[in-house]
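Engineer: My structure is stored as work_13.txt, with compact mmCIF, C-alpha atoms (C1' of nucleotides).
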```txt
# COMPACT_ATOMS: atom_id res chain seq x y z
CA MET A 1 -38.78 -19.27 35.38
CA GLN A 2 -39.96 -15.75 35.87
CA TYR A 3 -38.02 -13.11 33.96
CA ARG A 4 -39.70 -10.29 35.76
CA MET A 5 -39.26 -9.55 39.42
CA SER A 6 -41.53 -7.14 41.20
CA THR A 7 -41.18 -5.30 44.45
CA SER A 8 -42.95 -7.96 46.40
CA ASP A 9 -40.94 -10.78 44.88
CA VAL A 10 -37.41 -9.73 45.72
CA LEU A 11 -38.18 -9.74 49.39
CA SER A 12 -39.43 -13.32 49.40
CA THR A 13 -36.45 -14.71 47.57
CA PRO A 14 -34.44 -17.35 49.44
CA GLY A 15 -31.33 -15.32 48.71
CA HIS A 16 -32.68 -12.21 50.36
CA LEU A 17 -34.35 -14.04 53.22
CA THR A 18 -31.23 -15.95 54.15
CA SER A 19 -29.32 -12.68 54.10
CA VAL A 20 -31.83 -11.07 56.43
CA ALA A 21 -31.79 -14.06 58.74
CA ALA A 22 -28.00 -14.23 58.80
CA ARG A 23 -27.76 -10.55 59.64
CA GLY A 24 -30.33 -10.96 62.37
CA PHE A 25 -28.32 -13.77 63.91
CA ALA A 26 -25.15 -11.76 63.59
CA ARG A 27 -26.59 -8.66 65.23
CA LEU A 28 -28.03 -10.64 68.08
CA SER A 29 -24.89 -12.68 68.69
CA GLU A 30 -22.72 -9.61 68.33
CA ALA A 31 -24.65 -7.80 71.03
CA ARG A 32 -24.52 -10.75 73.40
CA LEU A 33 -20.91 -11.73 72.79
CA LYS A 34 -19.55 -8.21 73.07
CA PRO A 35 -19.68 -8.12 76.89
CA LEU A 36 -17.61 -11.31 76.84
CA GLY A 37 -15.03 -9.78 74.57
CA PHE A 38 -15.76 -11.93 71.53
CA GLY A 39 -16.95 -11.13 68.03
CA VAL A 40 -19.33 -13.27 66.00
CA GLY A 41 -16.76 -14.48 63.54
CA THR A 42 -14.32 -15.54 66.22
CA LEU A 43 -16.49 -18.24 67.73
CA PRO A 44 -15.95 -20.93 65.10
CA VAL A 45 -12.23 -20.33 65.38
CA LEU A 46 -12.25 -20.49 69.16
CA VAL A 47 -14.27 -23.68 69.26
CA ALA A 48 -12.06 -25.34 66.66
CA LEU A 49 -8.96 -24.37 68.59
CA GLU A 50 -10.36 -25.46 71.92
CA GLU A 51 -10.31 -29.09 70.97
CA GLY A 52 -6.80 -28.77 69.64
CA ARG A 53 -7.45 -30.76 66.52
CA VAL A 54 -7.11 -27.77 64.22
CA LYS A 55 -4.05 -25.58 64.47
CA THR A 56 -3.14 -24.00 61.13
CA GLN A 57 -4.67 -21.01 59.39
CA ARG A 58 -5.52 -23.16 56.39
CA ASP A 59 -7.48 -25.68 58.45
CA LEU A 60 -9.21 -22.97 60.42
CA ALA A 61 -10.37 -21.32 57.21
CA ARG A 62 -11.73 -24.59 55.87
CA PHE A 63 -13.42 -25.29 59.16
CA ALA A 64 -15.11 -21.91 59.41
CA ARG A 65 -15.90 -21.93 55.70
CA ILE A 66 -14.27 -18.64 54.87
CA GLU A 67 -11.45 -17.86 52.45
CA GLN A 68 -7.84 -17.72 53.49
CA PRO A 69 -7.43 -13.93 53.48
CA SER A 70 -10.56 -13.57 55.58
CA MET A 71 -9.12 -15.96 58.13
CA ALA A 72 -5.78 -14.15 58.09
CA GLN A 73 -7.55 -10.92 58.92
CA MET A 74 -9.66 -12.61 61.56
CA LEU A 75 -6.60 -14.11 63.25
CA ALA A 76 -4.91 -10.73 63.18
CA ARG A 77 -7.84 -9.19 65.04
CA MET A 78 -7.94 -12.09 67.47
CA GLU A 79 -4.24 -11.83 68.16
CA ARG A 80 -4.58 -8.10 68.66
CA ASP A 81 -7.40 -8.73 71.14
CA GLY A 82 -5.46 -11.35 73.08
CA LEU A 83 -7.59 -14.31 72.08
CA ILE A 84 -4.90 -16.35 70.35
CA LEU A 85 -1.15 -16.79 70.10
CA ARG A 86 0.80 -17.74 67.01
CA THR A 87 4.06 -19.68 67.14
CA PRO A 88 6.07 -20.72 64.07
CA ASP A 89 5.58 -24.30 62.98
CA PRO A 90 8.91 -26.13 63.45
CA THR A 91 8.21 -28.62 60.69
CA ASP A 92 6.94 -26.13 58.08
CA GLY A 93 8.52 -22.73 57.63
CA ARG A 94 5.45 -21.28 55.93
CA SER A 95 2.97 -22.10 58.62
CA SER A 96 2.15 -21.08 62.18
CA ARG A 97 0.55 -22.97 65.01
CA VAL A 98 -2.40 -21.11 66.47
CA ALA A 99 -3.36 -21.59 70.10
CA LEU A 100 -5.97 -20.17 72.45
CA THR A 101 -4.88 -17.88 75.24
CA GLU A 102 -5.88 -18.85 78.75
CA SER A 103 -8.10 -15.81 78.97
CA ALA A 104 -10.02 -16.81 75.86
CA ARG A 105 -10.28 -20.42 76.95
CA ALA A 106 -11.72 -19.35 80.26
CA ARG A 107 -14.43 -17.22 78.71
CA LEU A 108 -15.29 -19.62 75.91
CA PRO A 109 -17.85 -21.85 77.67
CA GLU A 110 -19.94 -18.82 78.58
CA ALA A 111 -19.85 -17.65 74.97
CA CYS A 112 -20.96 -21.03 73.72
CA ALA A 113 -23.83 -21.05 76.16
CA VAL A 114 -24.90 -17.60 75.03
CA LEU A 115 -24.74 -18.62 71.39
CA SER A 116 -26.62 -21.83 71.99
CA GLN A 117 -29.25 -19.93 73.90
CA GLY A 118 -29.63 -17.45 71.05
CA ASN A 119 -30.14 -20.23 68.56
CA ASP A 120 -32.82 -21.75 70.72
CA GLU A 121 -34.60 -18.44 71.06
CA ALA A 122 -34.43 -17.89 67.33
CA LEU A 123 -36.23 -21.17 66.85
CA ALA A 124 -38.97 -20.30 69.30
CA GLY A 125 -42.26 -21.77 68.19
CA PHE A 126 -40.58 -24.38 66.02
CA THR A 127 -41.45 -27.98 66.74
CA GLU A 128 -38.57 -30.40 66.99
CA THR A 129 -39.36 -31.69 63.51
CA GLU A 130 -39.62 -28.22 62.04
CA ALA A 131 -36.21 -27.36 63.38
CA GLU A 132 -34.75 -30.53 61.92
CA VAL A 133 -36.44 -30.00 58.58
CA PHE A 134 -35.19 -26.44 58.47
CA ILE A 135 -31.60 -27.46 59.12
CA SER A 136 -31.79 -30.28 56.63
CA LEU A 137 -33.16 -28.01 53.89
CA LEU A 138 -30.53 -25.43 54.70
CA LYS A 139 -27.80 -28.00 54.29
CA ARG A 140 -29.15 -29.12 50.95
CA LEU A 141 -29.34 -25.51 49.83
CA ILE A 142 -25.75 -24.97 50.87
CA GLY A 143 -24.71 -28.06 48.95
CA ASN A 144 -26.31 -26.63 45.83
CA LEU A 145 -24.73 -23.25 46.35
CA ASP A 146 -21.31 -24.82 46.81
CA GLN A 147 -21.60 -26.47 43.43
CA LEU A 148 -22.87 -23.33 41.74
CA VAL A 149 -20.16 -21.18 43.24
CA LYS A 150 -17.50 -23.68 42.28
CA ASN A 151 -18.65 -23.61 38.68
CA ASP A 152 -19.37 -19.90 38.42
CA VAL A 153 -16.59 -18.33 40.40
CA GLY A 154 -14.10 -20.92 39.25
CA ASP A 155 -12.71 -21.68 42.64
CA ARG A 156 -9.83 -24.09 43.20
CA MET M 1 -30.19 -26.13 76.78
CA GLN M 2 -26.74 -27.41 76.13
CA TYR M 3 -24.02 -25.45 77.85
CA ARG M 4 -21.28 -27.17 75.96
CA MET M 5 -20.73 -26.78 72.25
CA SER M 6 -18.38 -29.11 70.48
CA THR M 7 -16.62 -28.80 67.17
CA SER M 8 -19.32 -30.66 65.32
CA ASP M 9 -22.12 -28.64 66.89
CA VAL M 10 -21.16 -25.13 65.89
CA LEU M 11 -21.28 -26.01 62.25
CA SER M 12 -24.83 -27.31 62.40
CA THR M 13 -26.21 -24.30 64.17
CA PRO M 14 -28.94 -22.37 62.34
CA GLY M 15 -26.93 -19.22 62.91
CA HIS M 16 -23.86 -20.55 61.20
CA LEU M 17 -25.74 -22.35 58.46
CA THR M 18 -27.74 -19.29 57.48
CA SER M 19 -24.51 -17.34 57.37
CA VAL M 20 -22.90 -19.89 55.07
CA ALA M 21 -25.98 -19.96 52.85
CA ALA M 22 -26.22 -16.19 52.69
CA ARG M 23 -22.56 -15.90 51.72
CA GLY M 24 -23.01 -18.57 49.09
CA PHE M 25 -25.90 -16.65 47.58
CA ALA M 26 -23.92 -13.45 47.73
CA ARG M 27 -20.85 -14.87 46.04
CA LEU M 28 -22.91 -16.44 43.29
CA SER M 29 -25.01 -13.37 42.65
CA GLU M 30 -21.99 -11.13 42.87
CA ALA M 31 -20.21 -13.10 40.16
CA ARG M 32 -23.23 -13.07 37.89
CA LEU M 33 -24.25 -9.46 38.43
CA LYS M 34 -20.76 -8.06 38.02
CA PRO M 35 -20.79 -8.30 34.19
CA LEU M 36 -24.02 -6.29 34.28
CA GLY M 37 -22.46 -3.61 36.44
CA PHE M 38 -24.51 -4.29 39.55
CA GLY M 39 -23.60 -5.37 43.06
CA VAL M 40 -25.65 -7.72 45.21
CA GLY M 41 -26.79 -5.08 47.63
CA THR M 42 -27.98 -2.74 44.93
CA LEU M 43 -30.68 -4.99 43.55
CA PRO M 44 -33.30 -4.42 46.25
CA VAL M 45 -32.76 -0.70 45.83
CA LEU M 46 -33.02 -0.83 42.07
CA VAL M 47 -36.19 -2.90 42.11
CA ALA M 48 -37.79 -0.66 44.69
CA LEU M 49 -36.94 2.41 42.66
CA GLU M 50 -38.10 0.90 39.40
CA GLU M 51 -41.70 0.88 40.46
CA GLY M 52 -41.40 4.44 41.68
CA ARG M 53 -43.29 3.85 44.88
CA VAL M 54 -40.25 4.30 47.06
CA LYS M 55 -38.10 7.39 46.69
CA THR M 56 -36.46 8.43 49.93
CA GLN M 57 -33.42 7.01 51.64
CA ARG M 58 -35.45 6.19 54.70
CA ASP M 59 -37.98 4.13 52.78
CA LEU M 60 -35.29 2.40 50.78
CA ALA M 61 -33.53 1.37 53.97
CA ARG M 62 -36.73 -0.01 55.43
CA PHE M 63 -37.50 -1.82 52.22
CA ALA M 64 -34.09 -3.44 51.91
CA ARG M 65 -34.00 -4.11 55.64
CA ILE M 66 -30.71 -2.41 56.33
CA GLU M 67 -29.90 0.48 58.65
CA GLN M 68 -29.90 4.07 57.50
CA PRO M 69 -26.13 4.58 57.40
CA SER M 70 -25.75 1.39 55.37
CA MET M 71 -28.24 2.71 52.87
CA ALA M 72 -26.53 6.09 52.76
CA GLN M 73 -23.27 4.38 51.89
CA MET M 74 -24.98 2.15 49.37
CA LEU M 75 -26.59 5.11 47.63
CA ALA M 76 -23.25 6.88 47.55
CA ARG M 77 -21.69 3.93 45.73
CA MET M 78 -24.65 3.68 43.39
CA GLU M 79 -24.48 7.36 42.59
CA ARG M 80 -20.75 7.06 41.98
CA ASP M 81 -21.41 4.17 39.60
CA GLY M 82 -24.12 5.99 37.70
CA LEU M 83 -27.02 3.86 38.84
CA ILE M 84 -29.05 6.56 40.55
CA LEU M 85 -29.57 10.30 40.71
CA ARG M 86 -30.47 12.33 43.77
CA THR M 87 -32.50 15.52 43.63
CA PRO M 88 -33.50 17.59 46.66
CA ASP M 89 -37.04 17.05 47.88
CA PRO M 90 -38.97 20.32 47.36
CA THR M 91 -41.36 19.63 50.23
CA ASP M 92 -38.77 18.51 52.79
CA GLY M 93 -35.42 20.18 53.11
CA ARG M 94 -33.84 17.22 54.85
CA SER M 95 -34.68 14.65 52.24
CA SER M 96 -33.72 13.75 48.68
CA ARG M 97 -35.64 12.01 45.94
CA VAL M 98 -33.75 9.08 44.50
CA ALA M 99 -34.31 8.01 40.90
CA LEU M 100 -32.90 5.37 38.59
CA THR M 101 -30.72 6.41 35.70
CA GLU M 102 -31.79 5.28 32.25
CA SER M 103 -28.73 3.09 31.99
CA ALA M 104 -29.58 1.27 35.20
CA ARG M 105 -33.23 0.91 34.23
CA ALA M 106 -32.23 -0.62 30.92
CA ARG M 107 -30.01 -3.25 32.50
CA LEU M 108 -32.31 -4.06 35.40
CA PRO M 109 -34.55 -6.71 33.79
CA GLU M 110 -31.54 -8.78 32.83
CA ALA M 111 -30.24 -8.57 36.39
CA CYS M 112 -33.57 -9.69 37.80
CA ALA M 113 -33.64 -12.63 35.44
CA VAL M 114 -30.13 -13.61 36.48
CA LEU M 115 -31.03 -13.38 40.13
CA SER M 116 -34.24 -15.30 39.72
CA GLN M 117 -32.36 -17.97 37.82
CA GLY M 118 -29.78 -18.24 40.59
CA ASN M 119 -32.47 -18.70 43.19
CA ASP M 120 -34.03 -21.48 41.16
CA GLU M 121 -30.70 -23.22 40.76
CA ALA M 122 -30.02 -22.94 44.47
CA LEU M 123 -33.28 -24.76 45.11
CA ALA M 124 -32.44 -27.58 42.72
CA GLY M 125 -33.82 -30.85 44.00
CA PHE M 126 -36.38 -29.14 46.19
CA THR M 127 -39.99 -30.07 45.63
CA GLU M 128 -42.46 -27.25 45.36
CA THR M 129 -43.63 -27.96 48.91
CA GLU M 130 -40.12 -28.10 50.28
CA ALA M 131 -39.35 -24.72 48.79
CA GLU M 132 -42.51 -23.28 50.30
CA VAL M 133 -41.84 -24.84 53.68
CA PHE M 134 -38.31 -23.53 53.64
CA ILE M 135 -39.40 -19.99 52.90
CA SER M 136 -42.12 -20.13 55.48
CA LEU M 137 -39.76 -21.39 58.19
CA LEU M 138 -37.23 -18.73 57.21
CA LYS M 139 -39.83 -16.04 57.63
CA ARG M 140 -40.84 -17.30 61.04
CA LEU M 141 -37.19 -17.41 62.04
CA ILE M 142 -36.73 -13.84 60.88
CA GLY M 143 -39.76 -12.78 62.86
CA ASN M 144 -38.24 -14.27 65.99
CA LEU M 145 -34.89 -12.64 65.30
CA ASP M 146 -36.52 -9.27 64.79
CA GLN M 147 -38.06 -9.48 68.22
CA LEU M 148 -34.85 -10.65 69.84
CA VAL M 149 -32.78 -7.95 68.19
CA LYS M 150 -35.29 -5.30 69.15
CA ASN M 151 -35.08 -6.33 72.80
CA ASP M 152 -31.36 -6.98 72.95
CA VAL M 153 -29.91 -4.24 70.82
CA GLY M 154 -32.45 -1.71 71.97
CA ASP M 155 -33.33 -0.41 68.56
CA ARG M 156 -35.55 2.54 67.85
C1' DT O 1 21.26 -30.85 42.29
C1' DA O 2 18.57 -27.56 39.72
C1' DT O 3 14.21 -26.42 38.16
C1' DT O 4 9.49 -26.46 38.30
C1' DT O 5 5.21 -26.77 40.56
C1' DG O 6 2.42 -26.37 44.49
C1' DT O 7 1.17 -24.71 49.06
C1' DA O 8 0.70 -21.41 53.16
C1' DC O 9 0.47 -17.14 54.06
C1' DA O 10 0.61 -11.88 53.42
C1' DT O 11 -1.10 -7.59 51.36
C1' DA O 12 -4.03 -4.47 48.87
C1' DG O 13 -8.35 -2.96 47.69
C1' DT O 14 -13.44 -3.26 47.90
C1' DG O 15 -18.32 -4.41 49.20
C1' DT O 16 -21.68 -4.70 52.57
C1' DC O 17 -23.23 -4.22 56.89
C1' DC O 18 -23.14 -2.49 61.77
C1' DT O 19 -23.08 1.00 66.06
C1' DA O 20 -22.41 5.55 67.80
C1' DT O 21 -22.86 10.16 67.20
C1' DG O 22 -23.59 14.77 65.12
C1' DT O 23 -26.48 18.21 62.41
C1' DA O 24 -30.08 20.39 60.17
C1' DA O 25 -34.89 20.66 59.17
C1' DC O 26 -39.54 19.82 60.50
C1' DA O 27 -43.45 19.42 63.89
C1' DA O 28 -45.72 20.25 68.34
C1' DG O 29 -46.78 22.39 72.52
C1' DT O 30 -46.51 26.20 75.50
C1' DA F 1 -42.53 33.05 68.56
C1' DC F 2 -39.77 29.73 71.20
C1' DT F 3 -38.46 25.79 73.08
C1' DT F 4 -38.62 20.84 72.70
C1' DG F 5 -38.72 16.76 70.59
C1' DT F 6 -38.60 14.05 66.34
C1' DT F 7 -37.04 12.92 61.95
C1' DA F 8 -33.77 12.51 57.85
C1' DC F 9 -29.50 12.37 56.79
C1' DA F 10 -24.21 12.61 57.29
C1' DT F 11 -19.87 11.05 59.20
C1' DA F 12 -16.59 8.23 61.69
C1' DG F 13 -14.92 3.91 62.71
C1' DG F 14 -14.97 -0.98 62.76
C1' DA F 15 -16.27 -6.07 61.76
C1' DC F 16 -16.40 -9.47 58.45
C1' DA F 17 -16.34 -11.18 54.08
C1' DC F 18 -14.59 -11.32 49.08
C1' DT F 19 -11.20 -11.19 44.82
C1' DA F 20 -6.67 -10.56 42.98
C1' DT F 21 -2.03 -10.81 43.57
C1' DG F 22 2.67 -11.38 45.54
C1' DT F 23 6.21 -14.10 48.32
C1' DA F 24 8.54 -17.61 50.71
C1' DC F 25 8.91 -22.22 51.66
C1' DA F 26 8.14 -27.29 50.43
C1' DA F 27 7.70 -31.02 47.38
C1' DA F 28 8.25 -33.18 43.07
C1' DT F 29 10.61 -33.85 38.93
C1' DA F 30 14.01 -33.55 35.38
```
Show me this structure written as structure tokens.

Structural biologist:
Amino acid sequence: MQYRMSTSDVLSTPGHLTSVAARGFARLSEARLKPLGFGVGTLPVLVALEEGRVKTQRDLARFARIEQPSMAQMLARMERDGLILRTPDPTDGRSSRVALTESARARLPEACAVLSQGNDEALAGFTETEAEVFISLLKRLIGNLDQLVKNDVGDR
Amino acid sequence: MQYRMSTSDVLSTPGHLTSVAARGFARLSEARLKPLGFGVGTLPVLVALEEGRVKTQRDLARFARIEQPSMAQMLARMERDGLILRTPDPTDGRSSRVALTESARARLPEACAVLSQGNDEALAGFTETEAEVFISLLKRLIGNLDQLVKNDVGDR
DNA sequence: TATTTGTACATAGTGTCCTATGTAACAAGT
DNA sequence: ACTTGTTACATAGGACACTATGTACAAATA
């Protein structure tokens, strides 16, 4: 389309704007979750584990949409911080079963409330429809990006 | 609003979705900029410097919307990689003037084209209006987040 | 059964961003 | 001129993500 990109343009790019928005969310959530002893990246893992449907590192990574090494590192931090426990899987010698600690389980509802609250505040001034449209467009965008990344990066 | 957050909910949260989208953009751009010798985070800096209006670390940080230490680290990497040069500011002993190297300036237009192309592809299937609406909602969201972060984190 | 292929995880190294804190230079007010 | 406050940057340390690569176990196949 446009082979030239000026100062004003870069800042209005979807790529840059989503980055700014994501970092805003992260900073806010970080600040609010810290008193509860959680980090931003841990929440998807905690919620997935709470229901007990997901137990392995592989499934957690797919659920949270991060790569396997990122999840490995995340679980290491979470284990260090007493949020999870890992026990060897009896049926598969390569794998571990991940479980929430009682302490983490106890604090989780509060964290979810805080996060939910933050999302609502971030959407202040949005009508119900606007919020829905925004989410729907975001999901379509993500679908496109998934395809592009798959082709470009040569994943899987 | 809702004090309970189930497995399905977390994934549809604006916070999580923007994070996924931002990482998708980053991975894609990363892969495409790498052959040109640029990283994702460098582009805002390069574009700002190209026009010559912004020269100091402080202004670059404000422009790219990252914190000062992040920009310091970024400039260090860019200097290491031969993208920029720093010369002491004659009028202010604390500050440095940052300038593009010729090599970086030469490769910049190609990088901008690549980035612009990626943004277009990410918006595939979006009507013109949808794209505009999306950007506009994103900006409003960012405005809200800025306020929230300012209050919560206690910036400045 | 032996070999090959695939899967789950670990490790190493890096990029990008953050907060917290220190230091040196400038600017203002007394 | 001197103190005080502000500003620009540096440094330390950590979170969270990625790619690239190695290893051990499982599954499939010859």

Engineer: Using all atoms listed in the file, find the residues of chain M whose closest atom to chain F is at most 9 Å away, then write them as a VMD selection string.

Structural biologist: chain M and resid 23 27 57 to 58 68 to 69 72 94 to 95

Engineer: Output C-alpha atoms of each residue in that selection to a file, as an mmCIF file, keeping the file's coordinate frame.

Structural biologist:
```cif
data_model
loop_
_atom_site.group_PDB
_atom_site.id
_atom_site.type_symbol
_atom_site.label_atom_id
_atom_site.label_comp_id
_atom_site.auth_asym_id
_atom_site.auth_seq_id
_atom_site.Cartn_x
_atom_site.Cartn_y
_atom_site.Cartn_z
ATOM 1 C CA ARG M 23 -22.560 -15.900 51.720
ATOM 2 C CA ARG M 27 -20.850 -14.870 46.040
ATOM 3 C CA GLN M 57 -33.420 7.010 51.640
ATOM 4 C CA ARG M 58 -35.450 6.190 54.700
ATOM 5 C CA GLN M 68 -29.900 4.070 57.500
ATOM 6 C CA PRO M 69 -26.130 4.580 57.400
ATOM 7 C CA ALA M 72 -26.530 6.090 52.760
ATOM 8 C CA ARG M 94 -33.840 17.220 54.850
ATOM 9 C CA SER M 95 -34.680 14.650 52.240
#
```

Engineer: Enter the distance from CA of Val98 (chain M) to CA of Lys55 (chain M), in Å, rounded to one decimal.

Structural biologist: 5.2 Å

Engineer: What are the closest atom pairs, with distances in Å to one decimal, for each residue of chain O lying within 9 Å of chain A, using only C-alpha atoms (C1' of nucleotides), rows by chain and rising residue number, as CSV?

Structural biologist:
```
residue,atom,partner,partner_atom,distance
O:DT7,C1',A:Arg94,CA,8.8
O:DA8,C1',A:Arg94,CA,5.5
O:DC9,C1',A:Arg94,CA,6.7
O:DA10,C1',A:Ala72,CA,8.2
O:DC17,C1',A:Arg23,CA,8.3
O:DC18,C1',A:Arg27,CA,7.9
```

Engineer: Looking at only C-alpha atoms, which of M:Ile142, M:Met78, M:Phe134, M:Ser70 is the one that sits closest to Gly37 (chain M)?

Structural biologist: M:Met78

Engineer: Using CA of Lys150 (chain A) and CA of Arg62 (chain A) as the two end points, give the distance in Å to one decimal.

Structural biologist: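 So the two atoms, CA of Lys150 (chain A) and CA of Arg62 (chain A), lie 14.8 Å apart.
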
Engineer: Compare A:Ala76, A:Glu51, A:Pro90, A:Phe38 by their minimum atom-to-atom distance to chain M, counting all atoms listed in the file, and give me the closest one.

Structural biologist: A:Glu51

Engineer: Region 62-77 of chain A, all listed atoms, 6 Å padding on each side: what axis-aligned box centre and edge lengths in Å to one decimal come out, as lines of an AutoDock Vina configuration file?

Structural biologist:
```
center_x = -10.4
center_y = -17.2
center_z = 58.7
size_x = 23.0
size_y = 28.1
size_z = 24.6
```

Engineer: With all atoms listed in the file as the basis for distance, which of A:Val54, A:Leu75, A:Ala124, A:Ala99 is at the shortest distance from chain M?

Structural biologist: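 Looking only at the distances to chain M, the closest residue turns out to be A:Ala124.
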
Engineer: Using all atoms listed in the file, collect all residues at a distance of at most 12 Å from (-19.6, -15.1, 65.2) as written in the file, then present them as a PDB file with C-alpha atoms (C1' of nucleotides), keeping the file's coordinate frame.

Structural biologist:
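Result written to point_14.pdb:
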```pdb
ATOM      1  CA  ALA A  22     -28.000 -14.230  58.800  1.00  0.00           C
ATOM      2  CA  ARG A  23     -27.760 -10.550  59.640  1.00  0.00           C
ATOM      3  CA  GLY A  24     -30.330 -10.960  62.370  1.00  0.00           C
ATOM      4  CA  PHE A  25     -28.320 -13.770  63.910  1.00  0.00           C
ATOM      5  CA  ALA A  26     -25.150 -11.760  63.590  1.00  0.00           C
ATOM      6  CA  ARG A  27     -26.590  -8.660  65.230  1.00  0.00           C
ATOM      7  CA  LEU A  28     -28.030 -10.640  68.080  1.00  0.00           C
ATOM      8  CA  SER A  29     -24.890 -12.680  68.690  1.00  0.00           C
ATOM      9  CA  GLU A  30     -22.720  -9.610  68.330  1.00  0.00           C
ATOM     10  CA  ALA A  31     -24.650  -7.800  71.030  1.00  0.00           C
ATOM     11  CA  ARG A  32     -24.520 -10.750  73.400  1.00  0.00           C
ATOM     12  CA  LEU A  33     -20.910 -11.730  72.790  1.00  0.00           C
ATOM     13  CA  LYS A  34     -19.550  -8.210  73.070  1.00  0.00           C
ATOM     14  CA  GLY A  37     -15.030  -9.780  74.570  1.00  0.00           C
ATOM     15  CA  PHE A  38     -15.760 -11.930  71.530  1.00  0.00           C
ATOM     16  CA  GLY A  39     -16.950 -11.130  68.030  1.00  0.00           C
ATOM     17  CA  VAL A  40     -19.330 -13.270  66.000  1.00  0.00           C
ATOM     18  CA  GLY A  41     -16.760 -14.480  63.540  1.00  0.00           C
ATOM     19  CA  THR A  42     -14.320 -15.540  66.220  1.00  0.00           C
ATOM     20  CA  LEU A  43     -16.490 -18.240  67.730  1.00  0.00           C
ATOM     21  CA  PRO A  44     -15.950 -20.930  65.100  1.00  0.00           C
ATOM     22  CA  VAL A  45     -12.230 -20.330  65.380  1.00  0.00           C
ATOM     23  CA  LEU A  46     -12.250 -20.490  69.160  1.00  0.00           C
ATOM     24  CA  VAL A  47     -14.270 -23.680  69.260  1.00  0.00           C
ATOM     25  CA  ALA A  64     -15.110 -21.910  59.410  1.00  0.00           C
ATOM     26  CA  MET A  74      -9.660 -12.610  61.560  1.00  0.00           C
ATOM     27  CA  ALA A 111     -19.850 -17.650  74.970  1.00  0.00           C
ATOM     28  CA  CYS A 112     -20.960 -21.030  73.720  1.00  0.00           C
ATOM     29  CA  VAL A 114     -24.900 -17.600  75.030  1.00  0.00           C
ATOM     30  CA  LEU A 115     -24.740 -18.620  71.390  1.00  0.00           C
ATOM     31  CA  SER A 116     -26.620 -21.830  71.990  1.00  0.00           C
ATOM     32  CA  GLY A 118     -29.630 -17.450  71.050  1.00  0.00           C
TER      33      GLY A 118
ATOM     34  CA  VAL M  10     -21.160 -25.130  65.890  1.00  0.00           C
ATOM     35  CA  LEU M  11     -21.280 -26.010  62.250  1.00  0.00           C
ATOM     36  CA  THR M  13     -26.210 -24.300  64.170  1.00  0.00           C
ATOM     37  CA  GLY M  15     -26.930 -19.220  62.910  1.00  0.00           C
ATOM     38  CA  HIS M  16     -23.860 -20.550  61.200  1.00  0.00           C
ATOM     39  CA  LEU M  17     -25.740 -22.350  58.460  1.00  0.00           C
ATOM     40  CA  THR M  18     -27.740 -19.290  57.480  1.00  0.00           C
ATOM     41  CA  SER M  19     -24.510 -17.340  57.370  1.00  0.00           C
ATOM     42  CA  VAL M  20     -22.900 -19.890  55.070  1.00  0.00           C
TER      43      VAL M  20
ATOM     44  C1'  DA F  15     -16.270  -6.070  61.760  1.00  0.00           C
ATOM     45  C1'  DC F  16     -16.400  -9.470  58.450  1.00  0.00           C
TER      46       DC F  16
END
```

Engineer: Which value, in Å to one decimal, gives the distance between CA of Val133 (chain M) and CA of Lys139 (chain A)?

Structural biologist: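 Separation of CA of Val133 (chain M) and CA of Lys139 (chain A): 14.4 Å.
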
Engineer: Choose the residue, out of M:Asp146, M:Glu79, M:Glu67, M:Glu102, that has the smallest atom-to-atom separation from chain A; count all atoms listed in the file.

Structural biologist: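 Looking only at the distances to chain A, the closest residue turns out to be M:Asp146.
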
Engineer: Under the rule that all atoms listed in the file are counted, which of A:Arg65, A:Asp59, A:Glu50, A:Pro88 is the nearest residue to Leu100 (chain A)?

Structural biologist: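 Comparing A:Arg65, A:Asp59, A:Glu50, A:Pro88 against Leu100 (chain A), the winner is A:Glu50.
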
Engineer: So, with only C-alpha atoms as the atoms that count, which of M:Leu60, M:Leu49, M:Ala131, M:Ala122 lies closest to chain A?

Structural biologist: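 Closest residue, counting only C-alpha atoms: M:Ala122.
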
Engineer: Can you patch up region 139-143 of chain M, filling it in to N, CA, C and O atoms, and show the result as a PDB file, in the coordinates of the input?

Structural biologist:
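What landed in result-v2.pdb:
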```
ATOM      1  N   LYS M 139     -39.126 -17.256  57.238  1.00  0.00           N
ATOM      2  CA  LYS M 139     -39.830 -16.040  57.630  1.00  0.00           C
ATOM      3  C   LYS M 139     -40.179 -16.047  59.111  1.00  0.00           C
ATOM      4  O   LYS M 139     -40.107 -15.018  59.783  1.00  0.00           O
ATOM      5  N   ARG M 140     -40.549 -17.215  59.610  1.00  0.00           N
ATOM      6  CA  ARG M 140     -40.840 -17.300  61.040  1.00  0.00           C
ATOM      7  C   ARG M 140     -39.580 -17.039  61.852  1.00  0.00           C
ATOM      8  O   ARG M 140     -39.594 -16.333  62.870  1.00  0.00           O
ATOM      9  N   LEU M 141     -38.473 -17.619  61.380  1.00  0.00           N
ATOM     10  CA  LEU M 141     -37.190 -17.410  62.040  1.00  0.00           C
ATOM     11  C   LEU M 141     -36.855 -15.918  62.084  1.00  0.00           C
ATOM     12  O   LEU M 141     -36.451 -15.374  63.118  1.00  0.00           O
ATOM     13  N   ILE M 142     -37.034 -15.267  60.958  1.00  0.00           N
ATOM     14  CA  ILE M 142     -36.730 -13.840  60.880  1.00  0.00           C
ATOM     15  C   ILE M 142     -37.610 -13.044  61.839  1.00  0.00           C
ATOM     16  O   ILE M 142     -37.143 -12.106  62.497  1.00  0.00           O
ATOM     17  N   GLY M 143     -38.868 -13.437  61.908  1.00  0.00           N
ATOM     18  CA  GLY M 143     -39.760 -12.780  62.860  1.00  0.00           C
ATOM     19  C   GLY M 143     -39.244 -12.888  64.278  1.00  0.00           C
ATOM     20  O   GLY M 143     -39.218 -11.900  65.023  1.00  0.00           O
TER      21      GLY M 143
END
```
